[in-house]
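What's in final-v4.cif: mmCIF, C-alpha atoms
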data_query
loop_
_atom_site.label_atom_id
_atom_site.label_comp_id
_atom_site.auth_asym_id
_atom_site.auth_seq_id
_atom_site.Cartn_x
_atom_site.Cartn_y
_atom_site.Cartn_z
CA MET X 90 84.01 101.50 147.06
CA THR X 91 86.28 99.50 149.37
CA LYS X 92 89.55 97.94 148.21
CA GLN X 93 88.02 94.51 148.62
CA GLN X 94 85.08 95.44 146.39
CA TRP X 95 87.40 96.99 143.80
CA ASP X 96 89.65 93.92 143.75
CA ALA X 97 86.65 91.63 143.26
CA LEU X 98 85.30 93.71 140.37
CA SER X 99 88.75 93.96 138.74
CA ALA X 100 89.05 90.17 138.88
CA LEU X 101 85.69 89.74 137.16
CA VAL X 102 86.71 92.19 134.43
CA ALA X 103 89.98 90.27 133.89
CA ASP X 104 88.16 86.94 133.62
CA ARG X 105 85.63 88.30 131.14
CA MET X 106 88.26 90.04 129.04
CA LYS X 107 90.32 86.86 128.89
CA ALA X 108 87.36 84.87 127.61
CA ALA X 109 86.57 87.59 125.05
CA THR X 110 90.10 88.04 123.68
CA ARG X 111 91.83 84.65 123.84
CA ASN X 112 90.74 83.67 120.32
CA PHE X 113 92.47 86.80 119.01
CA VAL X 114 95.89 86.04 120.49
CA THR X 115 98.59 83.55 119.57
CA PRO X 116 102.08 82.79 120.84
CA VAL X 117 104.77 83.16 118.17
CA ILE X 118 107.60 80.67 118.58
CA HIS X 119 111.02 80.45 116.94
CA GLU X 120 113.21 77.41 117.54
CA ALA X 121 116.53 76.62 115.91
CA LEU X 122 119.29 74.17 116.67
CA ASN X 123 121.77 75.47 119.26
CA GLU X 124 119.77 78.68 119.75
CA PRO X 125 117.52 79.75 122.60
CA THR X 126 113.79 79.53 121.95
CA HIS X 127 112.24 82.92 121.23
CA ILE X 128 108.69 83.50 122.41
CA GLY X 129 106.40 86.45 121.81
CA SER X 130 102.72 87.30 121.67
CA ALA X 131 100.73 88.46 118.65
CA THR X 132 97.16 89.31 117.72
CA TYR X 133 95.15 88.43 114.62
CA VAL X 134 93.66 91.63 113.21
CA GLU X 135 91.38 92.28 110.25
CA LEU X 136 92.83 95.48 108.84
CA PRO X 137 91.08 97.41 106.08
CA ARG X 138 91.93 95.85 102.73
CA GLN X 139 93.95 98.91 101.71
CA VAL X 140 96.29 98.47 104.68
CA GLY X 141 96.71 94.75 104.79
CA GLY X 142 93.67 92.51 105.41
CA THR X 143 94.25 89.51 107.70
CA THR X 144 97.40 90.39 109.67
CA LEU X 145 99.28 89.43 112.82
CA ILE X 146 100.42 92.44 114.84
CA THR X 147 103.37 92.12 117.21
CA CYS X 148 106.82 93.67 117.86
CA GLU X 149 109.76 93.74 115.47
CA HIS X 150 111.96 91.95 118.00
CA ILE X 151 109.49 89.06 117.63
CA THR X 152 109.18 89.04 113.81
CA ARG X 153 112.94 89.17 113.22
CA TYR X 154 113.38 85.50 114.16
CA GLN X 155 112.51 83.30 111.20
CA ASP X 156 111.18 80.60 110.70
CA GLN X 157 108.27 80.76 113.13
CA LYS X 158 105.28 78.84 114.34
CA HIS X 159 102.07 80.02 115.95
CA LEU X 160 99.24 78.38 117.82
CA PRO X 161 95.67 79.48 117.05
CA PHE X 162 93.29 79.02 119.95
CA GLY X 163 91.88 75.49 119.85
CA SER X 164 94.85 74.00 117.99
CA ASN X 165 96.67 71.11 119.63
CA SER X 166 100.18 71.91 118.41
CA PRO X 167 102.05 74.85 116.84
CA VAL X 168 101.79 75.26 113.06
CA ASN X 169 104.11 76.96 110.59
CA LEU X 170 103.53 80.68 110.21
CA SER X 171 103.54 81.77 106.57
CA GLY X 172 103.09 85.32 105.36
CA THR X 173 104.77 88.58 104.39
CA THR X 174 106.57 90.44 107.17
CA CYS X 175 106.79 94.22 107.47
CA SER X 176 108.56 95.71 110.48
CA ASP X 177 110.57 98.58 111.93
CA ARG X 178 113.27 98.19 114.53
CA GLU X 179 113.62 100.29 117.67
CA PRO X 180 112.71 102.95 118.55
CA LEU X 181 109.43 101.82 116.94
CA ASP X 182 109.77 98.06 117.50
CA VAL X 183 106.61 97.11 115.64
CA GLY X 184 105.95 94.38 113.12
CA THR X 185 103.20 92.72 111.14
CA ILE X 186 102.87 89.45 109.31
CA LYS X 187 100.36 89.54 106.46
CA LEU X 188 98.92 86.03 106.50
CA ASN X 189 98.51 84.34 103.17
CA ASP X 190 95.09 82.85 102.55
CA PRO X 191 96.05 79.15 102.96
CA THR X 192 97.60 79.97 106.35
CA TRP X 193 94.44 81.70 107.53
CA GLN X 194 92.14 78.98 106.16
CA LEU X 195 93.91 76.43 108.39
CA GLN X 196 93.04 78.31 111.55
CA LYS X 197 89.99 80.43 110.93
CA GLU X 198 87.69 77.95 112.67
CA GLN X 199 89.59 78.41 115.94
CA ALA X 200 91.11 81.87 115.78
CA ALA X 201 89.27 85.15 115.48
CA MET X 202 90.33 88.60 114.33
CA VAL X 203 90.10 91.94 116.08
CA GLY X 204 88.21 94.31 113.79
CA TRP X 205 89.78 97.64 112.83
CA SER X 206 86.83 99.42 114.42
CA ARG X 207 87.99 98.14 117.84
CA PHE X 208 91.14 100.30 117.63
CA SER X 209 90.69 103.57 119.50
CA GLN X 210 91.61 106.75 117.65
CA ASN X 211 93.99 107.66 120.49
CA HIS X 212 95.08 106.57 123.96
CA SER X 213 92.65 108.43 126.21
CA PRO X 214 91.36 106.26 129.08
CA VAL X 215 89.76 107.91 132.08
CA PRO X 216 91.99 108.11 135.21
CA ASP X 217 92.68 104.75 136.87
CA GLU X 218 90.93 102.81 134.12
CA LEU X 219 91.45 99.05 133.99
CA LEU X 220 93.77 98.13 131.12
CA PHE X 221 94.00 94.54 129.93
CA PHE X 222 96.42 92.41 127.93
CA TYR X 223 96.68 88.71 127.17
CA GLY X 224 99.73 86.75 126.13
CA LEU X 225 102.38 84.16 126.90
CA SER X 226 105.24 84.67 129.31
CA GLY X 227 108.47 82.88 128.47
CA GLU X 228 108.86 81.63 132.04
CA ASN X 229 105.76 79.46 131.56
CA THR X 230 106.68 77.77 128.29
CA TYR X 231 108.59 74.83 129.70
CA SER X 232 105.60 73.49 131.60
CA GLY X 233 103.20 74.25 128.77
CA TYR X 234 105.07 73.43 125.62
CA GLY X 235 102.70 72.04 123.03
CA ASP X 236 99.71 73.22 125.05
CA PHE X 237 100.44 76.92 125.36
CA HIS X 238 96.88 78.11 125.77
CA LYS X 239 96.67 76.48 129.17
CA ILE X 240 99.40 78.77 130.47
CA MET X 241 98.64 81.96 128.51
CA VAL X 242 97.61 84.64 130.95
CA GLY X 243 95.35 87.70 130.94
CA TYR X 244 96.09 90.67 133.19
CA CYS X 245 94.24 93.76 134.29
CA SER X 246 96.50 96.61 135.32
CA GLN X 247 96.41 100.40 135.37
CA GLU X 248 98.42 103.25 133.93
CA LYS X 249 101.02 104.58 136.34
CA ARG X 250 100.20 108.20 137.03
CA GLY X 251 102.74 110.84 136.05
CA THR X 252 104.68 108.57 133.67
CA GLY X 253 104.98 108.06 129.93
CA ASP X 254 105.28 110.65 127.18
CA SER X 255 103.82 111.46 123.79
CA GLU X 256 104.93 108.08 122.41
CA ILE X 257 104.35 105.59 125.23
CA PHE X 258 102.40 105.04 128.40
CA GLU X 259 103.38 102.85 131.34
CA ILE X 260 101.30 100.27 133.16
CA PHE X 261 102.12 98.66 136.49
CA TRP X 262 103.98 95.35 136.59
CA GLU X 263 104.48 94.42 140.24
CA PRO X 264 104.46 90.61 140.65
CA GLU X 265 104.27 90.73 144.44
CA ASN X 266 100.99 92.64 144.17
CA THR X 267 99.45 90.27 141.63
CA SER X 268 96.28 88.46 142.68
CA ILE X 269 94.62 85.45 141.05
CA THR X 270 91.11 85.78 139.65
CA PRO X 271 88.28 83.43 140.70
CA GLY X 272 88.04 82.16 137.12
CA THR X 273 91.54 80.62 137.32
CA SER X 274 91.45 76.84 137.57
CA LEU X 275 93.47 75.02 140.21
CA GLU X 276 95.59 73.40 137.46
CA ILE X 277 96.55 76.78 135.99
CA TYR X 278 97.05 78.27 139.44
CA ASN X 279 99.56 75.55 140.30
CA LYS X 280 101.59 75.73 137.09
CA THR X 281 101.53 79.39 136.05
CA LYS X 282 104.30 81.79 137.08
CA TYR X 283 103.94 85.55 136.98
CA SER X 284 107.23 87.07 138.01
CA ASN X 285 108.82 87.69 134.59
CA ALA X 286 107.03 89.71 131.91
CA GLY X 287 109.34 88.57 129.12
CA GLY X 288 107.16 87.16 126.32
CA TYR X 289 104.23 89.56 126.61
CA SER X 290 105.91 91.86 124.09
CA GLY X 291 103.63 92.17 121.08
CA SER X 292 100.40 91.97 123.06
CA LEU X 293 97.72 94.53 122.31
CA VAL X 294 96.60 96.47 125.37
CA TRP X 295 92.89 97.14 125.81
CA ASP X 296 91.16 100.07 127.46
CA THR X 297 88.34 98.10 129.07
CA ARG X 298 86.28 101.28 129.65
CA PHE X 299 84.97 99.66 132.83
CA VAL X 300 85.66 102.73 134.99
CA GLN X 301 84.38 104.99 132.23
CA LYS X 302 81.13 103.01 132.25
CA GLY X 303 80.66 103.60 135.98
CA CYS X 304 82.24 100.38 137.39
CA ASP X 305 78.92 98.61 136.95
CA ILE X 306 79.72 94.97 136.19
CA ASN X 307 76.12 94.32 135.19
CA SER X 308 76.00 96.96 132.47
CA TRP X 309 79.64 96.70 131.30
CA SER X 310 80.68 94.19 128.63
CA PRO X 311 84.04 93.26 127.03
CA SER X 312 82.51 94.53 123.79
CA ASP X 313 82.89 98.02 125.30
CA ALA X 314 86.69 97.62 125.31
CA VAL X 315 88.92 99.20 122.66
CA VAL X 316 92.58 98.67 121.72
CA THR X 317 94.71 101.45 123.20
CA GLY X 318 98.30 100.37 122.54
CA LEU X 319 100.99 97.80 121.72
CA LEU X 320 103.02 96.35 124.60
CA ARG X 321 106.66 96.66 123.62
CA ARG X 322 108.84 95.86 126.61
CA TRP X 323 109.24 95.42 130.34
CA ASP X 324 111.21 98.10 132.19
CA THR X 325 112.56 96.51 135.36
CA ALA X 326 113.88 99.83 136.68
CA THR X 327 110.44 101.46 136.75
CA ARG X 328 108.53 98.22 137.35
CA THR X 329 106.28 99.02 134.44
CA LEU X 330 105.39 97.71 131.01
CA LEU X 331 105.98 100.22 128.21
CA VAL X 332 103.14 100.49 125.71
CA TRP X 333 103.16 102.32 122.37
CA ARG X 334 100.13 104.59 122.09
CA VAL X 335 97.46 103.42 119.67
CA GLU X 336 97.46 106.64 117.64
CA HIS X 337 101.05 105.95 116.57
CA LEU X 338 100.29 102.29 115.87
CA ARG X 339 97.37 103.32 113.63
CA LYS X 340 99.54 105.80 111.76
CA TRP X 341 102.29 103.22 111.26
CA LEU X 342 99.84 100.61 109.99
CA ALA X 343 98.33 103.07 107.54
CA GLY X 344 101.79 103.92 106.16
CA ARG X 345 103.01 100.36 105.57
CA PRO X 346 103.35 98.83 102.13
CA THR X 347 100.03 97.39 100.93
CA TRP X 348 99.38 93.97 99.46
CA ALA X 349 96.90 92.95 96.80
#
Please lay out the structure from this file as structure tokens.
Amino acid sequence: MTKQQWDALSALVADRMKAATRNFVTPVIHEALNEPTHIGSATYVELPRQVGGTTLITCEHITRYQDQKHLPFGSNSPVNLSGTTCSDREPLDVGTIKLNDPTWQLQKEQAAMVGWSRFSQNHSPVPDELLFFYGLSGENTYSGYGDFHKIMVGYCSQEKRGTGDSEIFEIFWEPENTSITPGTSLEIYNKTKYSNAGGYSGSLVWDTRFVQKGCDINSWSPSDAVVTGLLRRWDTATRTLLVWRVEHLRKWLAGRPTWA
């Protein structure tokens, strides 16, 4: 396969994954007088009843800022986020918000939940697999405030070989090598920036399984993809995004307090 062919296929995978996952993802926004606005990304997940039910998964450095608003896909303006928070600070940096039923009822027609069965048992993609995440970068919020979904962005990247450890893996973040997919509208192309990864913390990272399925765009589907980790932070020194492996995320979720 030539580089041109690979780039074209990767762009198609990114476009299809964005369409398949955007209803799962919401920006989480905290604003307070005389404070900077805090932006993060989170995903609606339907956990087994014994470990939480309808829950937002994100990072602790996102959940710590209260009060918050979120923006379910299809909503015109941010709405108050109500629910019970459970989180652990670094080195874990993971948090959940158990949504109360009235909160979920307000958005269930627009938003959708990732099922627990979509979470892989462990991070084990084949070499050079396409990994995908979707979220909101803070550098784009000024132009998109009140209409965040127009400037939320989906990315395909790959794991950087020879990096990571038993807790995290690293995926490339090299803005100068970023290319725009054919599914990107001219409006979004003109207003979206992609130099600063701040704000993508809290995004779930998906193993698309596209390479595993033989790089056949006609037989592959976004339904083949599985969650493989939680994006925690951007490491400017290594030019990578650091992602917590899904096996640790699953274990943490299973060990949280439960709610009736």
Contact residues around Pro161 of chain X with all atoms listed in the file at 8 Å, ignoring same-chain residues under 4 positions, as a VMD selection string: chain X and resid 112 114 to 115 167 196 199 to 200
Nearby residues (all atoms listed in the file) at most 10 Å from segment 255-268 of chain X, same-chain spacing under 5 positions excluded, as a ChimeraX atom specification: /X:96,100,181,212,219-221,244-250,282-286,294,317-321,323-325,327-338
To verify the selection step, state as a count of residues only which residues the PyMOL selection byres ((chain X and resi 172) around 8) yields on this input. 9
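Closest approach to Leu136 of chain X among X:Leu225, X:Leu160, X:Val102, X:Met202 is made by X:Met202 (distances from all atoms listed in the file).
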Residues picked by the PyMOL selection byres ((chain X and resi 315) around 7) here, as a PyMOL selection string? chain X and resi 207-209+295-297+313-314+316-317
Which residues match the PyMOL selection byres ((chain X and resi 119) around 7) in the file above, as a PyMOL selection string? chain X and resi 117-118+120-121+126-128+154-158
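Atom pair atom CA of Arg345 of chain X / atom CA of Tyr289 of chain X: separated by 23.7 Å.
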So that I can see what lies close to His150 of chain X, please list as a PDB file with C-alpha atoms, in the frame of the given file the residues with an atom at most 9 Å from it, counting all atoms listed in the file and leaving out residues fewer than 5 positions away in the same chain.
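Contents of around.pdb, as written:
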ATOM      1  CA  GLY X 129     106.400  86.450 121.810  1.00  0.00           C
ATOM      2  CA  ARG X 178     113.270  98.190 114.530  1.00  0.00           C
ATOM      3  CA  GLU X 179     113.620 100.290 117.670  1.00  0.00           C
ATOM      4  CA  ASP X 182     109.770  98.060 117.500  1.00  0.00           C
ATOM      5  CA  VAL X 183     106.610  97.110 115.640  1.00  0.00           C
ATOM      6  CA  GLY X 184     105.950  94.380 113.120  1.00  0.00           C
ATOM      7  CA  SER X 290     105.910  91.860 124.090  1.00  0.00           C
ATOM      8  CA  GLY X 291     103.630  92.170 121.080  1.00  0.00           C
TER       9      GLY X 291
END
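In this structure, atom CA of Asp104 of chain X sits 10.1 Å away from atom CA of Val242 of chain X.
Our summary of the geometry notes that atom CA of Gly251 of chain X is positioned 26.2 Å from atom CA of Gly224 of chain X.
Considering all atoms listed in the file, the residue among X:Val168, X:Leu122, X:Ala97, X:Val300 positioned nearest to Glu218 of chain X is X:Val300.
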Between X:Cys304, X:Ile146, X:Met90, X:Leu342, which residue has the minimum interatomic distance to Val215 of chain X, considering only C-alpha atoms? X:Cys304
